[in-house]
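K.L.:
Input structure: target36.tsv, which contains TSV, C-alpha atoms.
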chain	number	residue	atom	x	y	z
A	1	MET	CA	-38.83	13.20	19.79
A	2	THR	CA	-35.30	11.97	20.64
A	3	TYR	CA	-33.72	8.54	20.78
A	4	THR	CA	-30.94	7.29	23.02
A	5	LEU	CA	-28.21	5.54	21.07
A	6	CYS	CA	-26.15	3.30	23.35
A	7	MET	CA	-22.48	3.68	22.56
A	8	LYS	CA	-19.22	2.84	24.28
A	9	LYS	CA	-18.15	6.40	25.11
A	10	THR	CA	-21.39	8.31	25.32
A	11	ASN	CA	-25.15	8.12	25.35
A	12	ALA	CA	-26.15	10.53	22.60
A	13	LYS	CA	-29.64	11.94	22.32
A	14	LEU	CA	-30.51	11.79	18.65
A	15	THR	CA	-33.44	13.09	16.67
A	16	ARG	CA	-35.42	10.64	14.55
A	17	ASN	CA	-33.67	11.99	11.42
A	18	ALA	CA	-30.21	11.53	12.95
A	19	TYR	CA	-31.02	8.03	14.12
A	20	ASN	CA	-32.37	7.05	10.70
A	21	TRP	CA	-29.31	8.57	8.98
A	22	ILE	CA	-26.92	6.57	11.16
A	23	PHE	CA	-28.96	3.38	10.95
A	24	SER	CA	-29.24	3.52	7.14
A	25	LEU	CA	-25.48	3.99	6.77
A	26	SER	CA	-24.68	1.18	9.21
A	27	ARG	CA	-26.84	-1.16	7.16
A	28	LYS	CA	-25.07	-0.19	3.92
A	29	GLN	CA	-21.50	-0.39	5.27
A	30	THR	CA	-21.87	-2.90	8.09
A	31	ALA	CA	-18.24	-4.02	8.41
A	32	MET	CA	-16.71	-0.58	7.89
A	33	LEU	CA	-19.00	1.13	10.42
A	34	LYS	CA	-18.99	-1.52	13.12
A	35	ASP	CA	-18.61	0.23	16.52
A	36	LYS	CA	-18.58	3.61	14.74
A	37	ASP	CA	-21.87	4.95	16.12
A	38	VAL	CA	-20.12	7.72	18.07
A	39	ALA	CA	-18.18	8.84	14.99
A	40	LEU	CA	-21.32	8.81	12.86
A	41	ALA	CA	-23.27	10.82	15.45
A	42	GLU	CA	-20.47	13.42	15.54
A	43	LEU	CA	-20.35	13.52	11.76
A	44	TYR	CA	-24.08	14.09	11.59
A	45	ASP	CA	-23.85	16.94	14.09
A	46	LEU	CA	-20.91	18.47	12.21
A	47	CYS	CA	-23.13	18.99	9.18
A	48	ASP	CA	-25.06	22.27	9.03
A	49	ASN	CA	-27.67	21.27	6.48
A	50	ASP	CA	-29.22	18.40	4.55
A	51	ILE	CA	-26.98	19.02	1.53
A	52	GLN	CA	-23.92	18.26	3.64
A	53	ARG	CA	-25.55	15.25	5.30
A	54	ASN	CA	-26.66	13.84	1.96
A	55	LEU	CA	-23.18	14.36	0.54
A	56	ILE	CA	-21.50	12.58	3.46
A	57	LYS	CA	-24.05	9.78	3.22
A	58	ASP	CA	-23.37	9.33	-0.51
A	59	LEU	CA	-19.60	9.29	0.05
A	60	ILE	CA	-19.81	6.69	2.80
A	61	ILE	CA	-22.13	4.46	0.76
A	62	ARG	CA	-19.69	4.61	-2.17
A	63	PHE	CA	-16.67	4.04	0.08
A	64	HIS	CA	-14.53	1.06	-0.98
A	65	CYS	CA	-13.62	-0.73	2.24
A	66	PHE	CA	-11.77	-3.93	1.35
A	67	ASP	CA	-12.21	-6.96	3.57
A	68	GLU	CA	-9.72	-9.85	3.39
A	69	GLU	CA	-11.62	-11.61	0.62
A	70	ILE	CA	-11.60	-8.62	-1.73
A	71	TYR	CA	-8.00	-7.83	-0.80
A	72	ASN	CA	-6.89	-11.37	-1.64
A	73	LEU	CA	-8.74	-11.24	-4.96
A	74	ALA	CA	-6.79	-8.09	-5.81
A	75	LEU	CA	-3.53	-9.82	-4.89
A	76	MET	CA	-4.38	-12.72	-7.19
A	77	GLN	CA	-4.98	-10.28	-10.05
A	78	ILE	CA	-1.53	-8.79	-9.43
A	79	VAL	CA	0.02	-12.26	-9.41
A	80	GLU	CA	-1.64	-13.07	-12.73
A	81	TYR	CA	-0.44	-9.78	-14.23
A	82	ILE	CA	3.16	-10.36	-13.13
A	83	SER	CA	3.17	-13.94	-14.42
A	84	ASN	CA	1.94	-12.74	-17.82
A	85	LEU	CA	4.79	-10.25	-18.19
A	86	GLY	CA	6.92	-13.15	-19.38
A	87	TYR	CA	10.13	-12.15	-17.60
A	88	ASN	CA	12.80	-14.67	-16.70
A	89	ILE	CA	11.75	-15.23	-13.10
A	90	GLN	CA	15.29	-16.10	-12.04
A	91	ASN	CA	16.46	-12.52	-12.62
A	92	THR	CA	13.21	-10.82	-11.55
A	93	ALA	CA	12.61	-9.30	-8.11
A	94	MET	CA	9.68	-7.67	-6.35
A	95	VAL	CA	10.45	-4.49	-4.42
A	96	ALA	CA	8.37	-2.48	-1.94
A	97	PHE	CA	7.79	1.24	-2.54
A	98	CYS	CA	9.20	1.87	0.96
A	99	HIS	CA	12.32	4.05	0.79
A	100	ASP	CA	13.38	4.47	4.42
A	101	SER	CA	13.48	2.60	7.74
A	102	SER	CA	9.84	3.29	8.61
A	103	ALA	CA	7.49	0.39	7.92
A	104	ASP	CA	4.68	1.05	5.45
A	105	SER	CA	1.89	-0.76	3.64
A	106	SER	CA	4.04	-1.57	0.60
A	107	GLN	CA	6.07	-4.00	2.71
A	108	GLU	CA	2.87	-5.73	3.79
A	109	ILE	CA	1.79	-6.07	0.15
A	110	LEU	CA	5.21	-7.49	-0.70
A	111	GLN	CA	4.94	-10.06	2.09
A	112	ASP	CA	1.37	-11.03	1.19
A	113	LEU	CA	2.32	-11.61	-2.45
A	114	LYS	CA	5.08	-14.10	-1.65
A	115	VAL	CA	2.92	-17.18	-1.17
A	116	PRO	CA	0.55	-16.73	-4.15
A	117	MET	CA	3.49	-15.77	-6.39
A	118	THR	CA	5.40	-18.91	-5.40
A	119	LYS	CA	2.36	-21.10	-6.03
A	120	ARG	CA	1.65	-19.48	-9.39
A	121	LEU	CA	5.22	-19.59	-10.67
A	122	ASN	CA	6.44	-22.69	-8.83
A	123	TYR	CA	9.46	-20.58	-7.93
A	124	THR	CA	10.28	-18.35	-4.96
A	125	ILE	CA	10.68	-14.87	-6.38
A	126	LYS	CA	13.30	-12.53	-4.90
A	127	THR	CA	11.89	-9.77	-2.67
A	128	ILE	CA	13.40	-6.43	-1.59
A	129	ASN	CA	11.78	-4.56	1.30
A	130	ARG	CA	13.24	-1.11	0.47
A	131	PHE	CA	13.25	0.67	-2.86
A	132	ASP	CA	16.55	2.41	-2.16
A	133	HIS	CA	18.25	-1.03	-2.03
A	134	LEU	CA	17.26	-1.86	-5.58
A	135	HIS	CA	20.67	-1.10	-7.08
A	136	LYS	CA	22.33	-3.64	-4.76
A	137	ILE	CA	20.13	-6.41	-6.16
A	138	TYR	CA	20.83	-5.18	-9.69
A	139	ASN	CA	24.53	-5.71	-9.02
A	140	SER	CA	23.68	-9.32	-8.11
A	141	GLY	CA	22.33	-9.95	-11.60
A	142	TYR	CA	18.65	-9.03	-11.35
A	143	ARG	CA	17.26	-7.15	-14.34
A	144	HIS	CA	13.48	-7.01	-13.96
A	145	PHE	CA	11.86	-5.26	-11.01
A	146	ILE	CA	8.23	-5.26	-9.92
A	147	ALA	CA	7.54	-2.41	-7.48
A	148	VAL	CA	4.47	-3.02	-5.29
A	149	ASP	CA	2.32	-0.83	-3.07
A	150	GLU	CA	-1.22	-0.70	-1.75
A	151	PHE	CA	-2.74	2.49	-3.12
A	152	LEU	CA	-2.13	4.97	-5.94
A	153	GLY	CA	-3.70	8.27	-4.91
A	154	SER	CA	-2.22	11.37	-6.57
A	155	GLY	CA	0.51	9.72	-8.64
A	156	GLN	CA	3.26	11.68	-6.90
A	157	THR	CA	4.90	8.75	-5.12
A	158	ILE	CA	4.99	6.46	-8.14
A	159	CYS	CA	6.53	9.24	-10.23
A	160	ASN	CA	9.17	9.83	-7.55
A	161	ARG	CA	10.03	6.12	-7.50
A	162	TYR	CA	10.25	6.03	-11.28
A	163	LYS	CA	12.58	9.05	-11.32
A	164	ASP	CA	14.68	7.37	-8.65
A	165	PHE	CA	14.90	4.23	-10.77
A	166	LEU	CA	15.95	6.19	-13.85
A	167	SER	CA	18.54	8.15	-11.88
A	168	LYS	CA	20.34	4.93	-10.96
A	169	ASN	CA	21.14	4.38	-14.65
A	170	LEU	CA	20.63	0.62	-14.39
A	171	LYS	CA	21.38	-0.41	-17.97
A	172	ASP	CA	19.15	-3.13	-19.49
A	173	ALA	CA	16.91	-3.14	-16.38
A	174	THR	CA	13.12	-2.81	-16.46
A	175	ILE	CA	10.59	-1.76	-13.85
A	176	ASP	CA	6.84	-2.29	-13.58
A	177	PHE	CA	4.55	-0.99	-10.85
A	178	CYS	CA	1.69	-3.02	-9.35
A	179	LEU	CA	-0.82	-1.75	-6.81
A	180	VAL	CA	-3.88	-3.14	-5.09
A	181	ALA	CA	-6.09	-0.08	-5.74
A	182	GLY	CA	-5.81	3.39	-7.19
A	183	MET	CA	-7.44	6.48	-8.60
A	184	SER	CA	-8.19	6.57	-12.32
A	185	ASP	CA	-6.73	10.07	-12.73
A	186	ALA	CA	-3.47	9.06	-11.05
A	187	ILE	CA	-3.18	5.95	-13.20
A	188	SER	CA	-3.60	8.01	-16.38
A	189	TYR	CA	-1.10	10.58	-15.08
A	190	ALA	CA	1.52	7.90	-14.37
A	191	ARG	CA	1.06	6.23	-17.74
A	192	GLY	CA	1.39	9.62	-19.38
A	193	LYS	CA	4.85	9.81	-17.83
A	194	GLY	CA	5.81	6.54	-19.49
A	195	ILE	CA	5.37	4.42	-16.37
A	196	ASN	CA	4.22	0.81	-16.71
A	197	VAL	CA	1.58	0.56	-13.99
A	198	TYR	CA	-1.04	-2.05	-13.18
A	199	VAL	CA	-3.78	-1.43	-10.62
A	200	ALA	CA	-6.05	-4.31	-9.65
A	201	TYR	CA	-8.97	-2.10	-8.56
A	202	GLU	CA	-9.49	1.28	-10.22
A	203	MET	CA	-11.77	3.94	-8.74
A	204	GLN	CA	-13.01	7.46	-9.46
A	205	LYS	CA	-12.96	10.73	-7.51
A	206	GLY	CA	-15.65	10.78	-4.85
A	207	ILE	CA	-17.19	14.13	-5.73
A	208	SER	CA	-15.84	15.36	-9.07
A	209	HIS	CA	-16.70	12.15	-10.94
A	210	TYR	CA	-20.23	11.70	-9.57
A	211	TYR	CA	-21.65	15.22	-9.85
A	212	ASP	CA	-21.66	17.87	-12.54
A	213	GLY	CA	-22.87	21.39	-13.17
A	214	LYS	CA	-24.41	23.17	-10.19
A	215	ASP	CA	-24.50	19.95	-8.12
A	216	LEU	CA	-20.74	19.61	-8.44
A	217	GLU	CA	-20.17	23.24	-7.49
A	218	THR	CA	-22.54	22.96	-4.53
A	219	ASN	CA	-21.09	19.73	-3.16
A	220	LYS	CA	-17.50	20.92	-3.45
A	221	ARG	CA	-18.43	24.11	-1.63
A	222	GLU	CA	-20.20	22.20	1.14
A	223	MET	CA	-17.25	19.83	1.58
A	224	SER	CA	-14.93	22.83	1.86
A	225	LEU	CA	-17.17	24.24	4.59
A	226	LEU	CA	-17.05	20.94	6.47
A	227	GLU	CA	-13.27	20.73	6.18
A	228	SER	CA	-12.98	24.29	7.52
A	229	LYS	CA	-14.27	22.95	10.86
A	230	LEU	CA	-11.19	20.76	11.28
A	231	ALA	CA	-7.96	21.74	13.04
A	232	ASP	CA	-5.58	23.68	10.80
A	233	THR	CA	-2.54	21.87	12.23
A	234	ILE	CA	-1.94	18.65	14.13
A	235	ASP	CA	1.62	18.37	15.38
A	236	ARG	CA	3.66	18.97	12.18
A	237	THR	CA	0.84	18.13	9.77
A	238	GLN	CA	-1.05	20.89	7.94
A	239	LEU	CA	-4.68	20.34	6.98
A	240	ASN	CA	-4.17	22.50	3.92
A	241	ASP	CA	-2.01	19.72	2.42
A	242	TYR	CA	-4.88	17.24	2.65
A	243	LEU	CA	-7.99	19.16	1.61
A	244	PHE	CA	-10.17	16.81	-0.46
A	245	GLY	CA	-7.46	14.21	0.24
A	246	TYR	CA	-3.75	14.53	-0.50
A	247	GLY	CA	-3.30	15.90	-4.02
A	248	GLN	CA	-7.07	16.53	-4.04
A	249	SER	CA	-7.46	12.84	-4.84
A	250	GLU	CA	-11.00	12.66	-3.42
A	251	ALA	CA	-10.36	9.01	-2.59
A	252	LEU	CA	-12.86	6.71	-0.92
A	253	TYR	CA	-10.74	3.69	-0.07
A	254	SER	CA	-9.38	1.74	2.87
A	255	ARG	CA	-8.83	-1.79	4.03
A	256	LEU	CA	-10.78	-3.06	6.99
A	257	TYR	CA	-8.96	-2.28	10.27
A	258	LYS	CA	-5.96	-0.83	8.37
A	259	ASN	CA	-4.37	2.61	8.05
A	260	VAL	CA	-6.47	4.77	5.73
A	261	PRO	CA	-4.55	6.52	2.90
A	262	ASN	CA	-4.14	10.27	3.31
A	263	ASN	CA	-5.70	10.63	-0.16
A	264	VAL	CA	-9.10	10.04	1.45
A	265	PHE	CA	-11.20	13.09	2.36
A	266	PRO	CA	-9.89	14.28	5.77
A	267	ILE	CA	-13.47	14.54	7.03
A	268	MET	CA	-13.19	10.74	7.33
A	269	TRP	CA	-9.95	10.62	9.36
A	270	TRP	CA	-8.70	14.03	10.59
A	271	LYS	CA	-8.62	13.55	14.37
A	272	ARG	CA	-9.12	17.08	15.77
A	273	TYR	CA	-11.70	19.83	15.44
A	274	LYS	CA	-10.97	23.53	14.88
A	275	ASP	CA	-10.76	24.10	18.66
A	276	ASN	CA	-8.23	21.23	18.84
A	277	SER	CA	-10.65	18.91	20.64
A	278	ILE	CA	-10.50	15.23	19.71
A	279	ARG	CA	-12.78	13.80	17.03
A	280	ASN	CA	-14.11	10.28	16.79
A	281	THR	CA	-13.55	9.33	13.15
A	282	ILE	CA	-14.90	6.56	10.94
A	283	CYS	CA	-11.38	5.88	9.56
A	284	ASP	CA	-8.02	5.79	11.34
A	285	ARG	CA	-4.80	7.37	10.13
A	286	ILE	CA	-1.35	6.92	11.70
A	287	GLN	CA	1.63	8.80	10.28
A	288	ASP	CA	4.76	10.56	11.53
A	289	GLY	CA	4.12	14.08	12.77
A	290	TYR	CA	0.37	13.64	13.05
Let me see whether you can do it: turn the structure in this file into structure tokens.

P.N.:
Amino acid sequence: MTYTLCMKKTNAKLTRNAYNWIFSLSRKQTAMLKDKDVALAELYDLCDNDIQRNLIKDLIIRFHCFDEEIYNLALMQIVEYISNLGYNIQNTAMVAFCHDSSADSSQEILQDLKVPMTKRLNYTIKTINRFDHLHKIYNSGYRHFIAVDEFLGSGQTICNRYKDFLSKNLKDATIDFCLVAGMSDAISYARGKGINVYVAYEMQKGISHYYDGKDLETNKREMSLLESKLADTIDRTQLNDYLFGYGQSEALYSRLYKNVPNNVFPIMWWKRYKDNSIRNTICDRIQDGY
């Protein structure tokens, strides 16, 4: 028996199992999967067996999709952390991770922190919208810098920013890093490099942390098979760089209606199939060359 699922772009004929799979996920992740019936139907069909379907279902159920309320709670935790650092606020500045002219999420985090920081400190803290301008503010007398971003995935970006800071040889200056969310492995990696990092919401790898033994081996193999059905290249972007998420982060994170980090499994956001046809995806990713 088949069921007709009414969707904006197509009327898909679904088996009872497919319909139940989609319906159960939509109930668990209502906000995240709103108007995503087409993407879910395609994802179901992409799977070759129940192991793959169960894996995808588990990943989606565990997906951390922040709405505005959760996002604002994370911001307030960052504000509290910064205020407890005890720095002289008059020579302290917040700086976005952004290091070029292209807008990114770190600038949004910087902007969204301005009001709660001012209320908490009763002082308007200095903000810098590009990391490569940090030395100019240092020359104006600022000595404590709080670098902010949305997500810590592999740890590569934060390490690059820390190296950049050290290379400027800013004597008697300090830097701390604050992020809304991040992967536990990346946080440990950064701290191992001597980086002072605070992450409001810490999470674990989507597959490697939740399975072990033969189940881990099986689920990693099945995810690899699913990813092999995606286009090898889109414009200048190579799928091979994002298998299991950039840096193999295995991330399950996004903000509602926002750009998903490339650390998330590409099965959630990679927009073309192997034959280069367009996919409907449950997450959206916009980046240069993609």

K.L.:
Residues within 7 Å of Cys98 (chain A), please, as a list in words. Count all atoms listed in the file; anything in the same chain fewer than 3 positions from it doesn't count.

P.N.:
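The filter keeps Asp104, Ser106, Gln107, Asn129, Arg130 and Phe131 of chain A.
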
K.L.:
Go ahead and write the selection's residues with C-alpha atoms as a compact mmCIF listing (two decimals), in the frame of the given file.

P.N.:
# COMPACT_ATOMS: atom_id res chain seq x y z
CA ASP A 104 4.68 1.05 5.45
CA SER A 106 4.04 -1.57 0.60
CA GLN A 107 6.07 -4.00 2.71
CA ASN A 129 11.78 -4.56 1.30
CA ARG A 130 13.24 -1.11 0.47
CA PHE A 131 13.25 0.67 -2.86

K.L.:
Could you give me, as JSON lines, a per-residue list for region 206-279 of chain A showing, wherever an atom lies at most 12 Å from an atom of region 67-83 of chain A, the closest pair of atoms and their distance in Å to one decimal, using all atoms listed in the file and sorting by chain then residue number from low to high?

P.N.:
{"residue": "A:Tyr253", "atom": "CA", "partner": "A:Asp67", "partner_atom": "CA", "distance": 11.4}
{"residue": "A:Ser254", "atom": "CA", "partner": "A:Asp67", "partner_atom": "CA", "distance": 9.2}
{"residue": "A:Arg255", "atom": "CA", "partner": "A:Asp67", "partner_atom": "CA", "distance": 6.2}
{"residue": "A:Leu256", "atom": "CA", "partner": "A:Asp67", "partner_atom": "CA", "distance": 5.4}
{"residue": "A:Tyr257", "atom": "CA", "partner": "A:Asp67", "partner_atom": "CA", "distance": 8.8}
{"residue": "A:Lys258", "atom": "CA", "partner": "A:Asp67", "partner_atom": "CA", "distance": 10.0}

K.L.:
Can you measure CA of Tyr123 (chain A) to CA of Ala181 (chain A) for me? One decimal in Å is fine.

P.N.:
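Going from CA of Tyr123 (chain A) over to CA of Ala181 (chain A), I get 25.8 Å.
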
K.L.:
Check the smallest atom-to-atom distance from each of A:Gln238, A:Ala173, A:Leu113, A:Phe151 to Glu202 (chain A) using only C-alpha atoms, then report the winner.

P.N.:
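Closest residue, counting only C-alpha atoms: A:Phe151.
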
K.L.:
In Å to one decimal, how far is CA of Cys178 (chain A) from CA of Ile146 (chain A)?

P.N.:
6.9 Å

K.L.:
Pick out the residues sitting within 10 Å of Lys274 (chain A), and hand them over as an mmCIF file with C-alpha atoms, in the coordinates of the input; count all atoms listed in the file, and ignore anything fewer than 3 positions along from it in its own chain.

P.N.:
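Output below, filename out.cif:
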data_model
loop_
_atom_site.group_PDB
_atom_site.id
_atom_site.type_symbol
_atom_site.label_atom_id
_atom_site.label_comp_id
_atom_site.auth_asym_id
_atom_site.auth_seq_id
_atom_site.Cartn_x
_atom_site.Cartn_y
_atom_site.Cartn_z
ATOM 1 C CA GLU A 227 -13.270 20.730 6.180
ATOM 2 C CA SER A 228 -12.980 24.290 7.520
ATOM 3 C CA LYS A 229 -14.270 22.950 10.860
ATOM 4 C CA LEU A 230 -11.190 20.760 11.280
ATOM 5 C CA ALA A 231 -7.960 21.740 13.040
ATOM 6 C CA ASP A 232 -5.580 23.680 10.800
ATOM 7 C CA THR A 233 -2.540 21.870 12.230
ATOM 8 C CA SER A 277 -10.650 18.910 20.640
ATOM 9 C CA ILE A 278 -10.500 15.230 19.710
#

K.L.:
Can you tell me how far CA of Leu179 (chain A) sits from CA of Ala31 (chain A), in Å to one decimal?

P.N.:
23.2 Å

K.L.:
Mind checking which residues fall within 12 Å of Val95 (chain A), counting all atoms listed in the file, ignoring those fewer than 6 positions away in the same chain, and posting them as a JSON list (two decimals) with C-alpha atoms, in the frame of the given file?

P.N.:
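The result, written out as around.json:
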[["chain", "number", "residue", "atom", "x", "y", "z"],
["A", 106, "SER", "CA", 4.04, -1.57, 0.60],
["A", 107, "GLN", "CA", 6.07, -4.00, 2.71],
["A", 108, "GLU", "CA", 2.87, -5.73, 3.79],
["A", 109, "ILE", "CA", 1.79, -6.07, 0.15],
["A", 110, "LEU", "CA", 5.21, -7.49, -0.70],
["A", 111, "GLN", "CA", 4.94, -10.06, 2.09],
["A", 113, "LEU", "CA", 2.32, -11.61, -2.45],
["A", 114, "LYS", "CA", 5.08, -14.10, -1.65],
["A", 125, "ILE", "CA", 10.68, -14.87, -6.38],
["A", 126, "LYS", "CA", 13.30, -12.53, -4.90],
["A", 127, "THR", "CA", 11.89, -9.77, -2.67],
["A", 128, "ILE", "CA", 13.40, -6.43, -1.59],
["A", 129, "ASN", "CA", 11.78, -4.56, 1.30],
["A", 130, "ARG", "CA", 13.24, -1.11, 0.47],
["A", 131, "PHE", "CA", 13.25, 0.67, -2.86],
["A", 132, "ASP", "CA", 16.55, 2.41, -2.16],
["A", 133, "HIS", "CA", 18.25, -1.03, -2.03],
["A", 134, "LEU", "CA", 17.26, -1.86, -5.58],
["A", 135, "HIS", "CA", 20.67, -1.10, -7.08],
["A", 136, "LYS", "CA", 22.33, -3.64, -4.76],
["A", 137, "ILE", "CA", 20.13, -6.41, -6.16],
["A", 138, "TYR", "CA", 20.83, -5.18, -9.69],
["A", 142, "TYR", "CA", 18.65, -9.03, -11.35],
["A", 144, "HIS", "CA", 13.48, -7.01, -13.96],
["A", 145, "PHE", "CA", 11.86, -5.26, -11.01],
["A", 146, "ILE", "CA", 8.23, -5.26, -9.92],
["A", 147, "ALA", "CA", 7.54, -2.41, -7.48],
["A", 148, "VAL", "CA", 4.47, -3.02, -5.29],
["A", 149, "ASP", "CA", 2.32, -0.83, -3.07],
["A", 161, "ARG", "CA", 10.03, 6.12, -7.50],
["A", 165, "PHE", "CA", 14.90, 4.23, -10.77],
["A", 175, "ILE", "CA", 10.59, -1.76, -13.85],
["A", 176, "ASP", "CA", 6.84, -2.29, -13.58],
["A", 177, "PHE", "CA", 4.55, -0.99, -10.85],
["A", 178, "CYS", "CA", 1.69, -3.02, -9.35],
["A", 179, "LEU", "CA", -0.82, -1.75, -6.81]]

K.L.:
So that each row is one residue of region 110-219 of chain A with an atom at most 12 Å from region 48-64 of chain A, can you give its shortest atom pair and the distance in Å to one decimal, using only C-alpha atoms, rows by chain and rising number, as CSV?

P.N.:
residue,atom,partner,partner_atom,distance
A:Ala181,CA,A:His64,CA,9.8
A:Gly182,CA,A:His64,CA,11.0
A:Met183,CA,A:His64,CA,11.7
A:Tyr201,CA,A:His64,CA,9.9
A:Glu202,CA,A:His64,CA,10.5
A:Met203,CA,A:His64,CA,8.7
A:Gln204,CA,A:Arg62,CA,10.3
A:Lys205,CA,A:Leu59,CA,10.2
A:Gly206,CA,A:Leu59,CA,6.5
A:Ile207,CA,A:Leu59,CA,7.9
A:Ser208,CA,A:Leu59,CA,11.6
A:His209,CA,A:Leu59,CA,11.7
A:Tyr210,CA,A:Asp58,CA,9.9
A:Tyr211,CA,A:Leu55,CA,10.5
A:Asp215,CA,A:Ile51,CA,10.0
A:Leu216,CA,A:Leu55,CA,10.7
A:Thr218,CA,A:Ile51,CA,8.5
A:Asn219,CA,A:Leu55,CA,6.8

K.L.:
Any chance you can output those residues with C-alpha atoms as a PDB file, in the frame of the given file?

P.N.:
ATOM      1  CA  ALA A 181      -6.090  -0.080  -5.740  1.00  0.00           C
ATOM      2  CA  GLY A 182      -5.810   3.390  -7.190  1.00  0.00           C
ATOM      3  CA  MET A 183      -7.440   6.480  -8.600  1.00  0.00           C
ATOM      4  CA  TYR A 201      -8.970  -2.100  -8.560  1.00  0.00           C
ATOM      5  CA  GLU A 202      -9.490   1.280 -10.220  1.00  0.00           C
ATOM      6  CA  MET A 203     -11.770   3.940  -8.740  1.00  0.00           C
ATOM      7  CA  GLN A 204     -13.010   7.460  -9.460  1.00  0.00           C
ATOM      8  CA  LYS A 205     -12.960  10.730  -7.510  1.00  0.00           C
ATOM      9  CA  GLY A 206     -15.650  10.780  -4.850  1.00  0.00           C
ATOM     10  CA  ILE A 207     -17.190  14.130  -5.730  1.00  0.00           C
ATOM     11  CA  SER A 208     -15.840  15.360  -9.070  1.00  0.00           C
ATOM     12  CA  HIS A 209     -16.700  12.150 -10.940  1.00  0.00           C
ATOM     13  CA  TYR A 210     -20.230  11.700  -9.570  1.00  0.00           C
ATOM     14  CA  TYR A 211     -21.650  15.220  -9.850  1.00  0.00           C
ATOM     15  CA  ASP A 215     -24.500  19.950  -8.120  1.00  0.00           C
ATOM     16  CA  LEU A 216     -20.740  19.610  -8.440  1.00  0.00           C
ATOM     17  CA  THR A 218     -22.540  22.960  -4.530  1.00  0.00           C
ATOM     18  CA  ASN A 219     -21.090  19.730  -3.160  1.00  0.00           C
TER      19      ASN A 219
END

K.L.:
Kindly indicate which residue among A:Leu152, A:Val115, A:Leu121, A:Cys65 lies nearest to Asn84 (chain A), using all atoms listed in the file for the distances.

P.N.:
A:Leu121

K.L.:
Point out the residue among A:Ile234, A:Ile89, A:Val260, A:Val197 with the least atom-to-atom distance to Ser184 (chain A), counting all atoms listed in the file.

P.N.:
A:Val197

K.L.:
Which is closer to Asp35 (chain A) than all the others in A:Ser140, A:Ile22, A:Ser167, A:Tyr189, using all atoms listed in the file?

P.N.:
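Of the candidates, the smallest distance to Asp35 (chain A) is held by A:Ile22.
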
K.L.:
In terms of the shortest atom-to-atom distance over all atoms listed in the file, which of A:Ser24, A:Asn139, A:Thr157, A:Thr237 is closest to Gly289 (chain A)?

P.N.:
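Closest residue, counting all atoms listed in the file: A:Thr237.
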
K.L.:
Find the residue from A:Leu166, A:Ile282, A:Ile158, A:Val264 that sits nearest to Arg191 (chain A); use all atoms listed in the file when measuring.

P.N.:
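Of the candidates, the smallest distance to Arg191 (chain A) is held by A:Ile158.
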